[in-house]
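Peer 1: Got a structure here, written out as structure tokens. Questions coming.
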Amino acid sequence: MIRSIFSVSALTLVSRAIGFVRDMMLASVLGASAVSDAFNVAFRIPNHFRSIFAEGAFNAAFVPAFARVAAERGRDAALVFADRIFAYLLLAQLVLLGLALVFMPAVVSLLAPGFTGDGMRFGLAVELTRITFPYLAFISLVVLIGGVLNAVGRFAAPAATAILLNVAMIATLLLAGHFPTAGHAVAWGVLISGVLQFVLVAADALRANVMLEFRLPKITPEVKQFWATFVPAAAGSAGSQIAVFADTIIASFLVEGAITWLYFADRMNQLPIGVIAVAVGTVLLSEMSRRIAAGDEAGARHAQLRAIELTLVFTLPAVAAFMIVPDTLMGALFVHGRFTAADALQSARALSAYAFGLAAFVLIRSFTVTFHARGDTRTPVIAMVIAILINIALKLLLMRPLGHVGLALATGAGAWMNLILLGWFARRQGLMGLDARARRVLPRLFLAFGILAATLAAGSYALRAALGTGVGADRLALVVLMTAGAFAYGGTLVVLFGREFLSDLKRLRRGMANGDG
């Protein structure tokens with residue numbers, strides 16, 4: 001399992017690195033402008049629907065079902081089941097695409113109502129979303145084929161798809177002079193990337209001899225079970241997206257640039273979520289589903305606890321950096337061209353607020369797998385609904401006194417409520433609990449986090465006094481702080497865990513798939 005997690009994480013890290021290049025180009029070319037706000041809405045809308053109907057809900061329902069059919073009736077039967085789901089998914093996406101293209105002004109009015117009084121932003125958002133929305137149809141098929149590949153132990157190609165999204169967007173930005181605006185250029189890059197991602201996973205599926213075929217939709221016991229699991233999972237995914245919808249809706253009423261400030265802060269916040277949480281959640285779902293289908297309940301719990309520890313090891317440094325030196329990060333990475341130091345400061349304020357909930361965000365996926373791997377997609381929905389209600393109430397309460405920062409802070413509070421409820425439900429059902437190793441490891445990790453945070457705070461104060469302010473000072477300070485933080489955190493882990501920690505690192509490097517998981 002560890003080998004697969006690191007494979008997915010490495011590819012995701014490459015994608016995120018290229019994504020930073022993309023985001024720096026977007027910041028430089030678009031800045032925090034009306035065109036930037038319009039594109040961010042156009043990009044978010046298909047991504048919202050993808051998150052609801054494709055990635056989260058689909059994988060939660062499909063991967064355990066595929067593993068169960070394969071265990072009971074063999075791989076060929078599982079592939080036939082996947083073919084049936086493929087037909088339903090394709091037809092649903094075609095209907096959704098047709099409706100969206102016709103009623104796009106109403107969609108944009110619903111999700112960015114603050115734009116309706118701004119003819120330029122509204123018209124541009126409608127035009128750009130009509131370009132980006134077909135991306136959803138392609139990415140839904142990518143998720144389905146990727147789910148099959150994950151279920152048979154092939155994780156590289158699905159994890160690499162996001163690289164193509166960033167590469168395509170960068171390529172079209174470089175050709176922006178041939179488009180009406182840079183927003184049009186990058187919107188076409190989104191659509192082109194959907195085609196490229198489909199080709200990538202389809203080619204890998206053909207190599208693995210698991211490429212899907214179109215079969216007429218047919219109701220079978222397996223398909224019925226899939227839909228029974230998918231519907232509540234989709235409701236749960238919709239719940240998580242309501243918070244993001246709310247950010248877009250409320251931010252559209254705030255000052256020009258607020259959507260863009262939140263976008264770049266969220267991009268930083270998504271780095272550990274994408275590199276660690278998504279990778280761990282993807283592999284852990286497949287691993288736990290396989291173990292549970294084989295009757296290895298103890299092995300499934302062991303794998304989950306080790307995955308949680310691994311998640312925290314690599315997430316806590318990001319939490320410390322985002323909370324303590326967000327201004328240095330945003331200034332060093334994004335101040336260029338039309339993205340000013342004032343824009344970076346506003347994004348940094350949002351990033352610090354997002355950091356409040358980052359640890360919860362990265363752990364939610366591992367906690368949710370507790371239920372999804374057992375075919376229970378309803379319990380996470382209950383936790384999600386309660387968390388979303390609290391989230392939205394806090395957004396409405398905080399938007400006036402804190403502006404876009406209040407939206408980010410409410411998002412973090414909602415994440416913590418979601419995580420707490422998931423843990424409580426799992427404990428009540430006897431599905432989760434700390435073993436001896438976890439009780440020994442977790443307090444030491446948080447002590448290492450405290451030492452890292454103190455190092456960053458002291459270093460930032462000293463460097464600010466020595467270097468002053470400005471982009472050059474921020475970039476030099478970022479390098480120094482990253483180096484000092486790495487030594488402080490890594491050294492503390494070695495001291496606290498000794499040979500155990502070094503031994504774990506060696507096992508991870510060898511990609512140990514069994515034993516300690």
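Ligands are numbered from 1 in the order shown, residues from 1 within each chain, and chains are lettered A, B, ... in the order they appear in the structure tokens.
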Please provide the set of residues having any atom within 8 Å of range 330-342 of chain A, restricted to only C-alpha atoms, with same-chain residues fewer than 6 positions apart removed, written as a PyMOL selection string.
Peer 2: chain A and resi 23-24+27-32+348+470-472+474-475+478
Peer 1: If we count only C-alpha atoms, what is near Arg215 in chain A at a cut-off of 7 Å, once residues fewer than 5 positions away on the same chain are taken out, given as a list in words?
Peer 2: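 My list of contacting residues is Asp83, Arg84 and Ala87 of chain A.
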Peer 1: Atoms to include: C-alpha atoms. Write the selected residues as a short mmCIF file (atom, residue, chain, number, x, y, z; two decimals), in the first residue's frame.
Peer 2:
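again.cif was written with the following content:
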```cif
data_model
loop_
_atom_site.label_atom_id
_atom_site.label_comp_id
_atom_site.auth_asym_id
_atom_site.auth_seq_id
_atom_site.Cartn_x
_atom_site.Cartn_y
_atom_site.Cartn_z
CA ASP A 83 -19.33 -1.60 -18.70
CA ARG A 84 -22.92 -1.23 -17.48
CA ALA A 87 -23.22 3.33 -20.27
#
```
Peer 1: Which residue, A:Val80, A:Leu124, A:Ala156, A:Ala303, has the smallest gap to Pro180 in chain A when you use only C-alpha atoms?
Peer 2: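 Result for the nearest residue to Pro180 in chain A: A:Leu124.
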Peer 1: Could you name the residues that touch Leu463 in chain A at 9 Å or less, counting only C-alpha atoms, but leaving out those on the same chain fewer than 4 positions away, as a PyMOL selection string?
Peer 2: chain A and resi 458-459+467-468+473+477+480-481
Peer 1: Residues as selected, N, CA and C atoms, written as a PDB file, in the first residue's frame, can you do that?
Peer 2:
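New file out-v6.pdb:
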```pdb
ATOM      1  N   ALA A 458      10.117  32.458  14.941  1.00  0.00           N
ATOM      2  CA  ALA A 458      11.344  33.174  15.300  1.00  0.00           C
ATOM      3  C   ALA A 458      12.140  33.554  14.061  1.00  0.00           C
ATOM      4  N   GLY A 459      12.240  32.639  13.115  1.00  0.00           N
ATOM      5  CA  GLY A 459      12.985  32.917  11.889  1.00  0.00           C
ATOM      6  C   GLY A 459      12.357  34.020  11.074  1.00  0.00           C
ATOM      7  N   LEU A 467      15.995  41.707   6.481  1.00  0.00           N
ATOM      8  CA  LEU A 467      15.849  41.845   5.034  1.00  0.00           C
ATOM      9  C   LEU A 467      14.860  42.910   4.610  1.00  0.00           C
ATOM     10  N   GLY A 468      13.964  43.279   5.511  1.00  0.00           N
ATOM     11  CA  GLY A 468      12.927  44.237   5.130  1.00  0.00           C
ATOM     12  C   GLY A 468      11.813  43.553   4.353  1.00  0.00           C
ATOM     13  N   ALA A 473      13.046  40.048  -0.938  1.00  0.00           N
ATOM     14  CA  ALA A 473      13.208  39.673   0.467  1.00  0.00           C
ATOM     15  C   ALA A 473      12.341  38.468   0.801  1.00  0.00           C
ATOM     16  N   ALA A 477      13.746  34.932   2.089  1.00  0.00           N
ATOM     17  CA  ALA A 477      13.245  34.479   3.392  1.00  0.00           C
ATOM     18  C   ALA A 477      12.581  33.115   3.270  1.00  0.00           C
ATOM     19  N   VAL A 480      15.256  30.394   3.181  1.00  0.00           N
ATOM     20  CA  VAL A 480      15.871  30.213   4.496  1.00  0.00           C
ATOM     21  C   VAL A 480      14.916  29.515   5.455  1.00  0.00           C
ATOM     22  N   LEU A 481      13.658  29.940   5.462  1.00  0.00           N
ATOM     23  CA  LEU A 481      12.673  29.356   6.380  1.00  0.00           C
ATOM     24  C   LEU A 481      12.382  27.892   6.037  1.00  0.00           C
TER      25      LEU A 481
END
```
Peer 1: Quick one: everything within 9 Å of Leu97 in chain A, counting only C-alpha atoms, minus sequence neighbours fewer than 3 positions away in the same chain. Send it as a count of residues only.
Peer 2: 10
Peer 1: Could you write out, as JSON, numbers by chain, all the residues of range 145-372 of chain A that DSSP marks as helix (DSSP H, G or I)?
Peer 2: {"A": [145, 146, 147, 148, 149, 150, 151, 156, 157, 158, 159, 160, 161, 162, 163, 164, 165, 166, 167, 168, 169, 170, 171, 172, 173, 174, 176, 177, 178, 182, 183, 184, 185, 186, 187, 188, 189, 190, 191, 192, 193, 194, 195, 196, 197, 198, 199, 200, 201, 202, 203, 204, 205, 206, 207, 221, 222, 223, 224, 225, 226, 227, 228, 229, 230, 231, 232, 233, 234, 235, 236, 237, 238, 239, 240, 241, 242, 243, 244, 245, 246, 247, 248, 249, 250, 251, 258, 259, 260, 261, 262, 263, 264, 265, 266, 267, 268, 269, 270, 271, 272, 273, 274, 275, 276, 277, 278, 279, 280, 281, 282, 283, 284, 285, 286, 287, 288, 289, 290, 291, 292, 293, 297, 298, 299, 300, 301, 302, 303, 304, 305, 306, 307, 308, 309, 310, 311, 312, 313, 314, 315, 316, 317, 318, 319, 320, 321, 322, 323, 324, 326, 327, 328, 329, 330, 331, 332, 333, 334, 341, 342, 343, 344, 345, 346, 347, 348, 349, 350, 351, 352, 353, 354, 355, 358, 359, 360, 361, 362, 363, 364, 365, 366, 367, 368, 369, 370, 371, 372]}
Peer 1: Grab the CA of Leu164 in chain A to CA of Tyr135 in chain A distance for me, in Å with one decimal place.
Peer 2: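 Distance between the two atoms: 12.7 Å.
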Peer 1: Neighbours of range 414-419 of chain A within 7 Å (only C-alpha atoms; same-chain residues fewer than 5 positions away dropped), as a list of chain:residue names?
Peer 2: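 With the cut-off at 7 Å, the set is A:Gly357, A:Ala360, A:Phe361, A:Ile364, A:Ala383, A:Met384, A:Ala387, A:Ile388, A:Ile390, A:Asn391.
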Peer 1: Pick the closest to Ala484 in chain A from A:Gly74, A:Pro217, A:Pro317, A:Gly299: which is it, counting only C-alpha atoms?
Peer 2: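 Under the stated criterion, the closest residue is A:Pro317.
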Peer 1: Can you tell me how far CA of Ala34 in chain A sits from CA of Thr172 in chain A, in Å to one decimal?
Peer 2: 19.4 Å
Peer 1: Rounded to one decimal in Å, what is the spacing between CA of Val319 in chain A and CA of Trp261 in chain A?
Peer 2: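 Between CA of Val319 in chain A and CA of Trp261 in chain A the gap works out to 19.0 Å.
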